[in-house]
Amino acid sequence: MSALGAVSSCSCLRSGAWLLKPGMPKMSSFGLHTAARCAAKDYYEVLVLGGGAGGISMSARMKRKVGAGNVAVVEPSKTHYYQPLWTLVGGGAKQLAASARPMGSVVPKGVEWIKSQVTALDPDKNCVWLENDIKVSYKYLIIALGISLHYEKIKGLPEGFNHPKIGSNYSAQTVEKTWRALQDFKEGNAIFTFPNTPVKCAGAPQKIMYLSDAYLRKTGKRSKANIMFNTSLGVIFAVKKYADALLEVIKDRNLAVNYKRNLIEVRADKQEAVFESLDKPGVTEVHQYEMLHVTPPMGPPAVLVNSPVSDESGWVDVDKETLQHRKYPNVFGIGDCTNLPTSKTAAAVAAQSGILDNTISLVMKNELPVKKYDGYTSCPLVTGYNKVILAEFDYNAQPLETFPIDQSKERATMYHMKADMMPLLYWNALLK
């Protein structure tokens with residue numbers, strides 16, 4: 001994980017309901033690790049790479065299978081973040097501190113926390129290399145390294161964040177700057193961006209736009225604001241049912257959407273954002289901003305690029321139904337670092353963790369996996385301080401909804417589920 005800490009993406013409802021179903025294993029006891037160290041042993045039956053949602057939930061499951069002393073999780077970060085809350089932090093509805101826990105408090109009690117960075121993977125020899133040339137071997141490997149943020153791929157960043165009027169809900173260091181920029185808004189353009197790369201929680205870049213609109217209306221500044229969503233995509237959302245609903249919101253609130261626009265430079269001293277037209281390469285537009293929210297380009301962690309476990313793009317190459325590696329049968333992947341063709345969200349991790357648990361159980365018995373992941377993911381699309389459209393869908397971008405209601409409608413109940421219930425389920429159920 002990056003120095004920003006282990007993070008997770010969008011939350012969900014179906015996964016939350018699933019976590020509470022009868023027959024789930026009892027919660028194991030978790031305790032605070034007051035000290036972390038490099039590998040106490042040079043071999044573990046199950047080695048987990050990454051201390052985000054996928055890594056911690058799978059280390060808890062593996063503890064129950066093979067015993068705590070036989071499981072280790074490699075994670076350098078001292079803090080574990082529940083990132084879905086950052087949309088609300090950027091909009092001033094939640095505090096950043098509410099999204100954070102010490103890493104030692106979420107690592108399952110008795111599981112070894114190896115506080116180090118993975119530097120190389122050698123699946124042919126069933127081992128990984130850590131910092132200081134430390135080698136750790138394994139019988140089974142679970143890769144849950146998340147996704148990397150690349151602000152530096154936008155000219156003028158990250159140093160541009162030293163200036164006012166600019167923020168980003170994707171980093172613990174910049175999310176509160178979003179809220180300050182919103183509070184300080186006087187008049188002009190409020191611009192929100194979506195990069196030309198895969199991202200975690202693809203709905204988040206526009207959620208903060210809707211919250212900003214609501215805040216500016218509440219403070220009487222909306223008439224002085226031109227709210228603009230510049231997205232690299234050709235649609236507002238991948239699932240038509242929810243896209244249609246969002247387009248109605250956009251129309252009703254007089255929000256401007258510019259498609260196929262990619263942020264390539266920020267001139268923070270001049271409060272200018274430069275966008276390239278993806279339909280006309282080389283053609284750029286310069287917009288003055290009074291507020292700018294940046295969603296950074298993202299990609300696989302550096303250690304996975306050109307790794308034997310990854311595809312040509314650098315994502316862990318797993319079977320989309322079983323999460324088992326396509327080449328190495330004792331290697332598995334979960335979450336944002338994989339090439340699963342679904343949205344990168346914590347909701348997806350919640351669904352994937354049950355499938356992967358079953359897959360590993362059968363592999364340990366020399367049996368073939370049977371349960372199949374359908375690509376379920378979810379994104380609670382926050383459209384106001386008391387409104388959420390709950391998007392839930394599968395690999396085929398077809399709605400896969402939890403409740404017997406039209407989830408494309410804005411609802412206060414779904415907002416409270418997103419803001420209040422899901423964090424509790426995350427900390428007390430998914431991670432355990």
# chains A, B, ... in the order shown; residues from 1 in each chain; ligands from 1
>>> closest_atom_pairs(of="segment 172-256 of chain A", to="segment 278-283 of chain A", cutoff="12 Å", atoms="only C-alpha atoms", output="tab-separated table")
residue	atom	partner	partner_atom	distance
A:Pro195	CA	A:Leu278	CA	11.0
A:Asn196	CA	A:Leu278	CA	8.9
A:Asn230	CA	A:Leu278	CA	11.4
A:Thr231	CA	A:Leu278	CA	10.0
A:Ser232	CA	A:Leu278	CA	7.2
A:Leu233	CA	A:Leu278	CA	9.2
A:Gly234	CA	A:Leu278	CA	9.9
>>> write_last_selection(atoms="all heavy atoms", output="tab-separated table (two decimals), in the first residue's frame")
chain	number	residue	atom	x	y	z
A	195	PRO	N	-10.55	10.69	-14.25
A	195	PRO	CA	-9.37	10.45	-15.08
A	195	PRO	C	-9.57	9.37	-16.15
A	195	PRO	O	-10.54	8.61	-16.11
A	195	PRO	CB	-8.32	10.00	-14.06
A	195	PRO	CG	-9.13	9.24	-13.05
A	195	PRO	CD	-10.43	10.02	-12.94
A	196	ASN	N	-8.61	9.29	-17.03
A	196	ASN	CA	-8.65	8.32	-18.12
A	196	ASN	C	-7.94	7.02	-17.72
A	196	ASN	O	-7.06	6.52	-18.44
A	196	ASN	CB	-8.00	8.92	-19.37
A	196	ASN	CG	-8.25	8.09	-20.61
A	196	ASN	OD1	-9.25	7.37	-20.70
A	196	ASN	ND2	-7.34	8.17	-21.57
A	230	ASN	N	-16.10	17.23	-15.62
A	230	ASN	CA	-15.32	16.89	-16.80
A	230	ASN	C	-14.81	15.46	-16.65
A	230	ASN	O	-13.92	15.19	-15.85
A	230	ASN	CB	-14.14	17.85	-16.97
A	230	ASN	CG	-14.56	19.16	-17.61
A	230	ASN	OD1	-15.75	19.43	-17.75
A	230	ASN	ND2	-13.60	19.98	-18.00
A	231	THR	N	-15.39	14.56	-17.44
A	231	THR	CA	-15.08	13.14	-17.30
A	231	THR	C	-14.46	12.58	-18.56
A	231	THR	O	-14.84	12.96	-19.68
A	231	THR	CB	-16.35	12.35	-16.95
A	231	THR	OG1	-16.06	10.94	-16.98
A	231	THR	CG2	-17.50	12.63	-17.89
A	232	SER	N	-13.52	11.67	-18.39
A	232	SER	CA	-12.89	11.01	-19.53
A	232	SER	C	-13.83	10.00	-20.19
A	232	SER	O	-13.59	9.57	-21.31
A	232	SER	CB	-11.62	10.29	-19.07
A	232	SER	OG	-11.94	9.22	-18.20
A	233	LEU	N	-14.89	9.64	-19.48
A	233	LEU	CA	-15.81	8.63	-19.98
A	233	LEU	C	-16.78	9.22	-21.00
A	233	LEU	O	-16.93	10.45	-21.11
A	233	LEU	CB	-16.59	8.01	-18.83
A	233	LEU	CG	-15.76	7.35	-17.72
A	233	LEU	CD1	-16.66	6.83	-16.61
A	233	LEU	CD2	-14.87	6.24	-18.28
A	234	GLY	N	-17.50	8.34	-21.69
A	234	GLY	CA	-18.50	8.78	-22.64
A	234	GLY	C	-19.91	8.71	-22.10
A	234	GLY	O	-20.88	9.09	-22.77
>>> select_by_dssp(residues="segment 203-264 of chain A", states="strand (DSSP E)", output="list in words")
Ala225, Asn226, Ile227, Met228, Phe229, Asn230, Thr231, Ala256, Val257, Asn258, Arg261, Asn262, Leu263 and Ile264 of chain A
>>> write_last_selection(atoms="C-alpha atoms", output="PDB file, in the first residue's frame")
ATOM      1  CA  ALA A 225     -21.504  28.909  -9.313  1.00  0.00           C
ATOM      2  CA  ASN A 226     -21.027  27.095 -12.605  1.00  0.00           C
ATOM      3  CA  ILE A 227     -20.714  23.447 -11.609  1.00  0.00           C
ATOM      4  CA  MET A 228     -18.879  21.330 -14.157  1.00  0.00           C
ATOM      5  CA  PHE A 229     -18.114  17.594 -14.319  1.00  0.00           C
ATOM      6  CA  ASN A 230     -15.315  16.890 -16.800  1.00  0.00           C
ATOM      7  CA  THR A 231     -15.080  13.141 -17.298  1.00  0.00           C
ATOM      8  CA  ALA A 256     -22.753  20.808 -16.758  1.00  0.00           C
ATOM      9  CA  VAL A 257     -21.216  17.516 -17.910  1.00  0.00           C
ATOM     10  CA  ASN A 258     -18.421  17.442 -20.467  1.00  0.00           C
ATOM     11  CA  ARG A 261     -12.271  15.344 -21.178  1.00  0.00           C
ATOM     12  CA  ASN A 262      -9.101  14.338 -19.316  1.00  0.00           C
ATOM     13  CA  LEU A 263      -7.303  16.572 -16.800  1.00  0.00           C
ATOM     14  CA  ILE A 264      -3.641  16.843 -17.832  1.00  0.00           C
TER      15      ILE A 264
END
>>> residues_around(residues="Leu400 of chain A", least_positions_apart="4", cutoff="10 Å", atoms="only C-alpha atoms", output="PyMOL selection string")
chain A and resi 14+374-378+391-395
>>> write_last_selection(atoms="N, CA, C and O atoms", output="PDB file, in the first residue's frame")
ATOM      1  N   ARG A  14     -25.942  -4.896  -0.159  1.00  0.00           N
ATOM      2  CA  ARG A  14     -26.101  -6.343  -0.306  1.00  0.00           C
ATOM      3  C   ARG A  14     -25.030  -7.076   0.491  1.00  0.00           C
ATOM      4  O   ARG A  14     -25.294  -8.036   1.196  1.00  0.00           O
ATOM      5  N   ASP A 374     -20.235 -13.487  -9.300  1.00  0.00           N
ATOM      6  CA  ASP A 374     -21.020 -12.958 -10.427  1.00  0.00           C
ATOM      7  C   ASP A 374     -20.664 -11.511 -10.785  1.00  0.00           C
ATOM      8  O   ASP A 374     -21.310 -10.896 -11.619  1.00  0.00           O
ATOM      9  N   GLY A 375     -19.619 -10.995 -10.137  1.00  0.00           N
ATOM     10  CA  GLY A 375     -19.219  -9.621 -10.426  1.00  0.00           C
ATOM     11  C   GLY A 375     -19.949  -8.588  -9.603  1.00  0.00           C
ATOM     12  O   GLY A 375     -19.814  -7.387  -9.850  1.00  0.00           O
ATOM     13  N   TYR A 376     -20.714  -9.031  -8.604  1.00  0.00           N
ATOM     14  CA  TYR A 376     -21.488  -8.096  -7.792  1.00  0.00           C
ATOM     15  C   TYR A 376     -20.618  -6.971  -7.251  1.00  0.00           C
ATOM     16  O   TYR A 376     -19.548  -7.193  -6.695  1.00  0.00           O
ATOM     17  N   THR A 377     -21.112  -5.762  -7.420  1.00  0.00           N
ATOM     18  CA  THR A 377     -20.503  -4.599  -6.794  1.00  0.00           C
ATOM     19  C   THR A 377     -21.606  -3.584  -6.524  1.00  0.00           C
ATOM     20  O   THR A 377     -22.741  -3.753  -6.971  1.00  0.00           O
ATOM     21  N   SER A 378     -21.258  -2.573  -5.792  1.00  0.00           N
ATOM     22  CA  SER A 378     -22.265  -1.585  -5.406  1.00  0.00           C
ATOM     23  C   SER A 378     -21.628  -0.226  -5.250  1.00  0.00           C
ATOM     24  O   SER A 378     -20.449  -0.113  -4.905  1.00  0.00           O
ATOM     25  N   ALA A 391     -26.818   2.029  -6.328  1.00  0.00           N
ATOM     26  CA  ALA A 391     -26.504   1.232  -7.518  1.00  0.00           C
ATOM     27  C   ALA A 391     -25.878  -0.089  -7.107  1.00  0.00           C
ATOM     28  O   ALA A 391     -24.877  -0.109  -6.392  1.00  0.00           O
ATOM     29  N   GLU A 392     -26.474  -1.182  -7.559  1.00  0.00           N
ATOM     30  CA  GLU A 392     -25.927  -2.522  -7.338  1.00  0.00           C
ATOM     31  C   GLU A 392     -26.037  -3.287  -8.659  1.00  0.00           C
ATOM     32  O   GLU A 392     -27.105  -3.313  -9.264  1.00  0.00           O
ATOM     33  N   PHE A 393     -24.953  -3.925  -9.080  1.00  0.00           N
ATOM     34  CA  PHE A 393     -24.971  -4.548 -10.401  1.00  0.00           C
ATOM     35  C   PHE A 393     -23.904  -5.631 -10.522  1.00  0.00           C
ATOM     36  O   PHE A 393     -23.066  -5.799  -9.615  1.00  0.00           O
ATOM     37  N   ASP A 394     -23.936  -6.366 -11.644  1.00  0.00           N
ATOM     38  CA  ASP A 394     -23.048  -7.513 -11.834  1.00  0.00           C
ATOM     39  C   ASP A 394     -22.071  -7.276 -12.983  1.00  0.00           C
ATOM     40  O   ASP A 394     -21.950  -6.166 -13.499  1.00  0.00           O
ATOM     41  N   TYR A 395     -21.374  -8.365 -13.373  1.00  0.00           N
ATOM     42  CA  TYR A 395     -20.400  -8.271 -14.456  1.00  0.00           C
ATOM     43  C   TYR A 395     -20.989  -7.714 -15.748  1.00  0.00           C
ATOM     44  O   TYR A 395     -20.314  -7.058 -16.526  1.00  0.00           O
TER      45      TYR A 395
END
>>> select_by_dssp(residues="segment 84-240 of chain A", states="helix (DSSP H, G or I)", output="PyMOL selection string")
chain A and resi 84-90+96-99+103-106+123-125+131-133+151-153+159-162+175-183+204-218+222-224+240
>>> closest_residue(among="A:Pro369, A:Gly50, A:Gly91, A:Gly299", to="Glu75 of chain A", atoms="only C-alpha atoms")
A:Gly50
>>> closest_residue(among="A:Lys135, A:Glu312, A:Asn189, A:Pro297", to="Asp213 of chain A", atoms="only C-alpha atoms")
A:Asn189
